[in-house]
Amino acid sequence: MLVHLEDILPEGIEVEFSLDPDDPAVRELDIRGPVRGSFKIRKMGQQVLVRGDVKGEVRLTCGRCLDDFTAEVKEEVNIELRPVLDLERGAHERELGSDDLDVEFFRGDALDLGHLAAEQISLALPMKPLCKVTCGGICPECGKDRASGTCGCEPDTDPRWSALKDLKNQIKLKK
């Protein structure tokens, strides 16, 4: 979905969009259903400010039990876009500040909002997705899913704690 810079009015424009899962912008993500959002776009000189939100459902794999699940991802967007010419003009080395982390660059006379929405969904994905906060994962010994109950495996203890275990046993014997 392209927005041409000449179409952006001085007071800005509001754009609502919906991207299908087979849209090239979101094809890399395992999207379930459309990605929806709305952006308020304003030009300030050569810079373009994009604010709004984007949301969609993504299929993920749990980091503990390895089951697939669907999670709704919502992300607020607050990005400053600058033309690539600004990057080339300031090609000398400089230190990035915290304000520079929300800056992106664009080429040409149009903005690809589909790419921007897909990037924001991708950035909102958890690093270690969990199907449930209480997910017990799988047993490292037998591979049984702990959600279906406990297995008969003895918990693996760190040998560095064996001295405390011995102390606990001695205290039990004295009672």
# chains A, B, ... in the order shown; residues from 1 in each chain; ligands from 1
>>> select_by_dssp(residues="stretch 14-119 of chain A", states="helix (DSSP H, G or I)", output="list in words")
Val84, Leu85, Asp86, Leu87, Glu88, Arg89, Ser98, Asp99, Asp100, Leu101, Asp102, Leu113, Gly114, His115, Leu116, Ala117, Ala118 and Glu119 of chain A
>>> write_last_selection(atoms="N, CA and C atoms", output="short mmCIF file (atom, residue, chain, number, x, y, z; two decimals), in the first residue's frame")
data_model
loop_
_atom_site.label_atom_id
_atom_site.label_comp_id
_atom_site.auth_asym_id
_atom_site.auth_seq_id
_atom_site.Cartn_x
_atom_site.Cartn_y
_atom_site.Cartn_z
N VAL A 84 16.38 9.16 2.08
CA VAL A 84 17.72 8.58 2.09
C VAL A 84 18.77 9.65 1.86
N LEU A 85 18.42 10.73 1.20
CA LEU A 85 19.37 11.81 0.96
C LEU A 85 19.93 12.36 2.26
N ASP A 86 19.10 12.44 3.30
CA ASP A 86 19.58 12.90 4.61
C ASP A 86 20.65 11.98 5.15
N LEU A 87 20.50 10.70 4.93
CA LEU A 87 21.48 9.71 5.38
C LEU A 87 22.78 9.88 4.63
N GLU A 88 22.68 10.09 3.31
CA GLU A 88 23.89 10.24 2.49
C GLU A 88 24.60 11.54 2.80
N ARG A 89 23.85 12.62 3.07
CA ARG A 89 24.46 13.91 3.42
C ARG A 89 25.21 13.81 4.73
N SER A 98 19.16 8.15 21.57
CA SER A 98 17.92 7.38 21.75
C SER A 98 16.82 7.87 20.81
N ASP A 99 16.86 9.15 20.42
CA ASP A 99 15.87 9.68 19.49
C ASP A 99 16.04 9.09 18.09
N ASP A 100 17.23 8.64 17.75
CA ASP A 100 17.50 8.10 16.42
C ASP A 100 16.95 6.69 16.23
N LEU A 101 16.53 6.04 17.29
CA LEU A 101 16.04 4.66 17.18
C LEU A 101 14.67 4.58 16.52
N ASP A 102 13.92 5.66 16.55
CA ASP A 102 12.60 5.67 15.92
C ASP A 102 12.62 6.34 14.55
N LEU A 113 3.31 1.65 3.19
CA LEU A 113 2.70 1.44 4.50
C LEU A 113 2.57 -0.04 4.84
N GLY A 114 2.43 -0.89 3.84
CA GLY A 114 2.36 -2.33 4.10
C GLY A 114 3.65 -2.84 4.70
N HIS A 115 4.77 -2.40 4.16
CA HIS A 115 6.07 -2.78 4.70
C HIS A 115 6.24 -2.26 6.13
N LEU A 116 5.82 -1.03 6.35
CA LEU A 116 5.91 -0.42 7.68
C LEU A 116 5.06 -1.18 8.69
N ALA A 117 3.85 -1.56 8.30
CA ALA A 117 2.96 -2.32 9.20
C ALA A 117 3.55 -3.70 9.51
N ALA A 118 4.07 -4.38 8.48
CA ALA A 118 4.67 -5.71 8.69
C ALA A 118 5.89 -5.62 9.61
N GLU A 119 6.67 -4.58 9.45
CA GLU A 119 7.85 -4.40 10.30
C GLU A 119 7.44 -4.19 11.75
#
>>> atom_distance(atom1="atom CA of A:Val133", atom2="atom CA of A:Arg36")
26.3 Å
>>> select_by_dssp(residues="chain A", states="strand (DSSP E)", output="JSON, numbers by chain")
{"A": [2, 3, 4, 13, 14, 15, 16, 17, 18, 19, 31, 32, 33, 34, 35, 36, 37, 38, 39, 40, 41, 42, 43, 44, 47, 48, 49, 50, 51, 52, 53, 54, 55, 56, 57, 58, 59, 60, 61, 68, 69, 70, 71, 72, 73, 74, 75, 76, 77, 78, 79, 80, 81, 82, 83, 103, 104, 105, 106, 110, 111, 112]}
>>> residues_around(residues="A:Met44", least_positions_apart="5", cutoff="12 Å", atoms="only C-alpha atoms", output="list in words")
Leu5, Ile8, Leu9, Pro10, Glu11, Gly12, Leu49, Val50, Glu80, Leu81, Arg82 and Pro83 of chain A
>>> atom_distance(atom1="atom CA of A:Leu123", atom2="atom CA of A:Thr61")
16.3 Å
>>> residues_around(residues="A:Leu29", least_positions_apart="3", cutoff="8 Å", atoms="only C-alpha atoms", output="PyMOL selection string")
chain A and resi 26+58+118+122
>>> residues_around(residues="A:Cys142", least_positions_apart="3", cutoff="12 Å", atoms="only C-alpha atoms", output="MDAnalysis selection string")
chainID A and resid 137:139 145:146 150:155
>>> write_last_selection(atoms="N, CA and C atoms", output="mmCIF file, in the first residue's frame")
data_model
loop_
_atom_site.group_PDB
_atom_site.id
_atom_site.type_symbol
_atom_site.label_atom_id
_atom_site.label_comp_id
_atom_site.auth_asym_id
_atom_site.auth_seq_id
_atom_site.Cartn_x
_atom_site.Cartn_y
_atom_site.Cartn_z
ATOM 1 N N GLY A 137 6.056 -26.719 29.753
ATOM 2 C CA GLY A 137 7.034 -27.191 28.784
ATOM 3 C C GLY A 137 7.033 -28.702 28.679
ATOM 4 N N ILE A 138 8.134 -29.237 28.205
ATOM 5 C CA ILE A 138 8.284 -30.685 28.080
ATOM 6 C C ILE A 138 9.412 -31.153 28.989
ATOM 7 N N CYS A 139 9.322 -32.380 29.437
ATOM 8 C CA CYS A 139 10.348 -32.953 30.305
ATOM 9 C C CYS A 139 11.626 -33.153 29.485
ATOM 10 N N ASP A 145 4.834 -33.969 27.584
ATOM 11 C CA ASP A 145 4.291 -32.624 27.743
ATOM 12 C C ASP A 145 3.793 -32.487 29.178
ATOM 13 N N ARG A 146 4.349 -31.551 29.924
ATOM 14 C CA ARG A 146 3.987 -31.394 31.330
ATOM 15 C C ARG A 146 2.587 -30.840 31.519
ATOM 16 N N THR A 150 2.363 -34.771 35.301
ATOM 17 C CA THR A 150 3.783 -34.970 35.597
ATOM 18 C C THR A 150 4.218 -36.358 35.144
ATOM 19 N N CYS A 151 5.495 -36.464 34.849
ATOM 20 C CA CYS A 151 6.056 -37.752 34.451
ATOM 21 C C CYS A 151 6.795 -38.350 35.657
ATOM 22 N N GLY A 152 7.295 -39.537 35.517
ATOM 23 C CA GLY A 152 7.969 -40.207 36.622
ATOM 24 C C GLY A 152 9.449 -39.905 36.712
ATOM 25 N N CYS A 153 9.935 -38.997 35.907
ATOM 26 C CA CYS A 153 11.369 -38.685 35.900
ATOM 27 C C CYS A 153 11.771 -37.925 37.160
ATOM 28 N N GLU A 154 12.947 -38.245 37.659
ATOM 29 C CA GLU A 154 13.515 -37.551 38.811
ATOM 30 C C GLU A 154 14.032 -36.200 38.343
ATOM 31 N N PRO A 155 13.675 -35.121 39.050
ATOM 32 C CA PRO A 155 14.171 -33.815 38.618
ATOM 33 C C PRO A 155 15.698 -33.767 38.666
#
>>> atom_distance(atom1="atom CA of A:Phe69", atom2="atom CA of A:Cys135")
12.2 Å
>>> residues_around(residues="A:Thr70", least_positions_apart="5", cutoff="10 Å", atoms="only C-alpha atoms", output="NGL selection string")
:A and (30-32 or 57-62 or 131)
>>> closest_residue(among="A:His4, A:Arg64, A:Ala71, A:Asp23", to="A:Ile41", atoms="only C-alpha atoms")
A:His4
>>> residues_around(residues="A:Phe39", least_positions_apart="5", cutoff="10 Å", atoms="only C-alpha atoms", output="PyMOL selection string")
chain A and resi 13-17+49-54+76-78+113+117
>>> decode(residues="stretch 22-153 of chain A", atoms="C-alpha atoms", output="PDB file, in the first residue's frame")
ATOM      1  CA  ASP A  22      -1.033 -13.311   1.174  1.00  0.00           C
ATOM      2  CA  ASP A  23      -0.002  -9.658   0.740  1.00  0.00           C
ATOM      3  CA  PRO A  24       3.727  -9.525  -0.150  1.00  0.00           C
ATOM      4  CA  ALA A  25       4.414  -7.181   2.783  1.00  0.00           C
ATOM      5  CA  VAL A  26       3.293  -9.712   5.429  1.00  0.00           C
ATOM      6  CA  ARG A  27       3.915 -12.983   3.597  1.00  0.00           C
ATOM      7  CA  GLU A  28       7.049 -13.737   5.663  1.00  0.00           C
ATOM      8  CA  LEU A  29       5.033 -13.658   8.889  1.00  0.00           C
ATOM      9  CA  ASP A  30       2.658 -16.511   9.659  1.00  0.00           C
ATOM     10  CA  ILE A  31      -0.376 -14.209   9.760  1.00  0.00           C
ATOM     11  CA  ARG A  32      -3.849 -15.587  10.507  1.00  0.00           C
ATOM     12  CA  GLY A  33      -6.427 -13.201   9.105  1.00  0.00           C
ATOM     13  CA  PRO A  34      -5.919  -9.634   7.987  1.00  0.00           C
ATOM     14  CA  VAL A  35      -3.495  -7.132   9.485  1.00  0.00           C
ATOM     15  CA  ARG A  36      -5.430  -3.963  10.276  1.00  0.00           C
ATOM     16  CA  GLY A  37      -4.363  -0.537  11.334  1.00  0.00           C
ATOM     17  CA  SER A  38      -4.672   3.181  11.002  1.00  0.00           C
ATOM     18  CA  PHE A  39      -1.952   5.771  10.533  1.00  0.00           C
ATOM     19  CA  LYS A  40      -1.957   9.532  10.868  1.00  0.00           C
ATOM     20  CA  ILE A  41       0.693  10.806   8.440  1.00  0.00           C
ATOM     21  CA  ARG A  42       2.146  14.337   8.509  1.00  0.00           C
ATOM     22  CA  LYS A  43       4.916  15.974   6.539  1.00  0.00           C
ATOM     23  CA  MET A  44       7.314  18.323   8.275  1.00  0.00           C
ATOM     24  CA  GLY A  45       9.661  19.601   5.596  1.00  0.00           C
ATOM     25  CA  GLN A  46      11.369  16.540   4.119  1.00  0.00           C
ATOM     26  CA  GLN A  47      10.504  14.395   7.148  1.00  0.00           C
ATOM     27  CA  VAL A  48       7.336  12.357   7.482  1.00  0.00           C
ATOM     28  CA  LEU A  49       5.805  11.480  10.864  1.00  0.00           C
ATOM     29  CA  VAL A  50       3.706   8.326  11.108  1.00  0.00           C
ATOM     30  CA  ARG A  51       1.614   7.661  14.207  1.00  0.00           C
ATOM     31  CA  GLY A  52      -1.086   5.102  14.780  1.00  0.00           C
ATOM     32  CA  ASP A  53      -1.524   1.434  15.523  1.00  0.00           C
ATOM     33  CA  VAL A  54      -1.384  -1.921  13.799  1.00  0.00           C
ATOM     34  CA  LYS A  55      -2.730  -5.308  14.891  1.00  0.00           C
ATOM     35  CA  GLY A  56      -3.032  -8.834  13.610  1.00  0.00           C
ATOM     36  CA  GLU A  57      -3.042 -12.482  14.638  1.00  0.00           C
ATOM     37  CA  VAL A  58       0.183 -14.436  14.211  1.00  0.00           C
ATOM     38  CA  ARG A  59       0.830 -18.158  14.538  1.00  0.00           C
ATOM     39  CA  LEU A  60       3.771 -18.786  16.866  1.00  0.00           C
ATOM     40  CA  THR A  61       5.515 -21.804  18.392  1.00  0.00           C
ATOM     41  CA  CYS A  62       5.703 -21.989  22.179  1.00  0.00           C
ATOM     42  CA  GLY A  63       9.259 -21.760  23.468  1.00  0.00           C
ATOM     43  CA  ARG A  64       8.560 -24.325  26.222  1.00  0.00           C
ATOM     44  CA  CYS A  65       6.232 -27.024  24.873  1.00  0.00           C
ATOM     45  CA  LEU A  66       6.789 -26.467  21.115  1.00  0.00           C
ATOM     46  CA  ASP A  67       3.035 -26.375  20.406  1.00  0.00           C
ATOM     47  CA  ASP A  68       1.737 -23.938  17.807  1.00  0.00           C
ATOM     48  CA  PHE A  69      -0.678 -21.253  18.988  1.00  0.00           C
ATOM     49  CA  THR A  70      -2.189 -18.041  17.708  1.00  0.00           C
ATOM     50  CA  ALA A  71      -1.507 -14.728  19.423  1.00  0.00           C
ATOM     51  CA  GLU A  72      -2.966 -11.311  18.766  1.00  0.00           C
ATOM     52  CA  VAL A  73      -0.255  -8.709  18.319  1.00  0.00           C
ATOM     53  CA  LYS A  74      -0.971  -5.006  18.776  1.00  0.00           C
ATOM     54  CA  GLU A  75       1.620  -2.308  18.352  1.00  0.00           C
ATOM     55  CA  GLU A  76       1.518   1.465  18.552  1.00  0.00           C
ATOM     56  CA  VAL A  77       3.460   3.163  15.794  1.00  0.00           C
ATOM     57  CA  ASN A  78       5.419   6.368  16.264  1.00  0.00           C
ATOM     58  CA  ILE A  79       8.039   6.669  13.544  1.00  0.00           C
ATOM     59  CA  GLU A  80       9.898   9.464  11.857  1.00  0.00           C
ATOM     60  CA  LEU A  81      10.761   8.820   8.215  1.00  0.00           C
ATOM     61  CA  ARG A  82      13.528  10.715   6.446  1.00  0.00           C
ATOM     62  CA  PRO A  83      14.579  10.612   2.823  1.00  0.00           C
ATOM     63  CA  VAL A  84      17.717   8.575   2.094  1.00  0.00           C
ATOM     64  CA  LEU A  85      19.370  11.814   0.955  1.00  0.00           C
ATOM     65  CA  ASP A  86      19.578  12.902   4.614  1.00  0.00           C
ATOM     66  CA  LEU A  87      21.479   9.712   5.383  1.00  0.00           C
ATOM     67  CA  GLU A  88      23.886  10.236   2.493  1.00  0.00           C
ATOM     68  CA  ARG A  89      24.461  13.910   3.419  1.00  0.00           C
ATOM     69  CA  GLY A  90      25.302  12.946   7.006  1.00  0.00           C
ATOM     70  CA  ALA A  91      27.549  10.061   5.944  1.00  0.00           C
ATOM     71  CA  HIS A  92      30.296  11.061   8.350  1.00  0.00           C
ATOM     72  CA  GLU A  93      30.483   9.061  11.548  1.00  0.00           C
ATOM     73  CA  ARG A  94      28.301  10.151  14.418  1.00  0.00           C
ATOM     74  CA  GLU A  95      26.950   8.596  17.574  1.00  0.00           C
ATOM     75  CA  LEU A  96      23.318   7.525  17.603  1.00  0.00           C
ATOM     76  CA  GLY A  97      21.089   8.891  20.332  1.00  0.00           C
ATOM     77  CA  SER A  98      17.919   7.376  21.749  1.00  0.00           C
ATOM     78  CA  ASP A  99      15.875   9.679  19.486  1.00  0.00           C
ATOM     79  CA  ASP A 100      17.497   8.104  16.418  1.00  0.00           C
ATOM     80  CA  LEU A 101      16.044   4.662  17.183  1.00  0.00           C
ATOM     81  CA  ASP A 102      12.595   5.674  15.921  1.00  0.00           C
ATOM     82  CA  VAL A 103      13.940   7.016  12.608  1.00  0.00           C
ATOM     83  CA  GLU A 104      13.648   5.147   9.336  1.00  0.00           C
ATOM     84  CA  PHE A 105      14.573   6.125   5.822  1.00  0.00           C
ATOM     85  CA  PHE A 106      12.659   6.000   2.548  1.00  0.00           C
ATOM     86  CA  ARG A 107      13.506   6.352  -1.136  1.00  0.00           C
ATOM     87  CA  GLY A 108      11.527   8.029  -3.828  1.00  0.00           C
ATOM     88  CA  ASP A 109       8.270   9.885  -3.589  1.00  0.00           C
ATOM     89  CA  ALA A 110       6.069   7.228  -1.952  1.00  0.00           C
ATOM     90  CA  LEU A 111       5.839   5.437   1.403  1.00  0.00           C
ATOM     91  CA  ASP A 112       5.127   1.708   1.574  1.00  0.00           C
ATOM     92  CA  LEU A 113       2.704   1.438   4.500  1.00  0.00           C
ATOM     93  CA  GLY A 114       2.360  -2.335   4.095  1.00  0.00           C
ATOM     94  CA  HIS A 115       6.073  -2.779   4.701  1.00  0.00           C
ATOM     95  CA  LEU A 116       5.912  -0.417   7.676  1.00  0.00           C
ATOM     96  CA  ALA A 117       2.962  -2.324   9.196  1.00  0.00           C
ATOM     97  CA  ALA A 118       4.668  -5.706   8.694  1.00  0.00           C
ATOM     98  CA  GLU A 119       7.847  -4.403  10.299  1.00  0.00           C
ATOM     99  CA  GLN A 120       5.940  -3.160  13.342  1.00  0.00           C
ATOM    100  CA  ILE A 121       4.133  -6.509  13.741  1.00  0.00           C
ATOM    101  CA  SER A 122       7.470  -8.298  13.459  1.00  0.00           C
ATOM    102  CA  LEU A 123       9.060  -6.048  16.087  1.00  0.00           C
ATOM    103  CA  ALA A 124       6.120  -6.666  18.453  1.00  0.00           C
ATOM    104  CA  LEU A 125       6.554 -10.454  18.414  1.00  0.00           C
ATOM    105  CA  PRO A 126       7.879 -11.857  21.699  1.00  0.00           C
ATOM    106  CA  MET A 127      11.441 -13.182  21.709  1.00  0.00           C
ATOM    107  CA  LYS A 128      10.326 -16.307  23.572  1.00  0.00           C
ATOM    108  CA  PRO A 129       6.660 -16.911  22.782  1.00  0.00           C
ATOM    109  CA  LEU A 130       4.617 -18.820  25.360  1.00  0.00           C
ATOM    110  CA  CYS A 131       1.259 -20.462  24.679  1.00  0.00           C
ATOM    111  CA  LYS A 132       0.324 -19.761  28.330  1.00  0.00           C
ATOM    112  CA  VAL A 133       2.237 -18.066  31.118  1.00  0.00           C
ATOM    113  CA  THR A 134       1.814 -21.264  33.160  1.00  0.00           C
ATOM    114  CA  CYS A 135       3.118 -23.553  30.391  1.00  0.00           C
ATOM    115  CA  GLY A 136       5.250 -26.272  31.996  1.00  0.00           C
ATOM    116  CA  GLY A 137       7.034 -27.191  28.784  1.00  0.00           C
ATOM    117  CA  ILE A 138       8.284 -30.685  28.080  1.00  0.00           C
ATOM    118  CA  CYS A 139      10.348 -32.953  30.305  1.00  0.00           C
ATOM    119  CA  PRO A 140      14.011 -32.848  29.210  1.00  0.00           C
ATOM    120  CA  GLU A 141      14.401 -36.536  30.129  1.00  0.00           C
ATOM    121  CA  CYS A 142      11.395 -38.322  28.592  1.00  0.00           C
ATOM    122  CA  GLY A 143       9.867 -35.585  26.393  1.00  0.00           C
ATOM    123  CA  LYS A 144       6.393 -35.779  27.958  1.00  0.00           C
ATOM    124  CA  ASP A 145       4.291 -32.624  27.743  1.00  0.00           C
ATOM    125  CA  ARG A 146       3.987 -31.394  31.330  1.00  0.00           C
ATOM    126  CA  ALA A 147       0.595 -29.837  30.554  1.00  0.00           C
ATOM    127  CA  SER A 148      -0.877 -33.359  30.454  1.00  0.00           C
ATOM    128  CA  GLY A 149       0.518 -34.215  33.900  1.00  0.00           C
ATOM    129  CA  THR A 150       3.783 -34.970  35.597  1.00  0.00           C
ATOM    130  CA  CYS A 151       6.056 -37.752  34.451  1.00  0.00           C
ATOM    131  CA  GLY A 152       7.969 -40.207  36.622  1.00  0.00           C
ATOM    132  CA  CYS A 153      11.369 -38.685  35.900  1.00  0.00           C
TER     133      CYS A 153
END
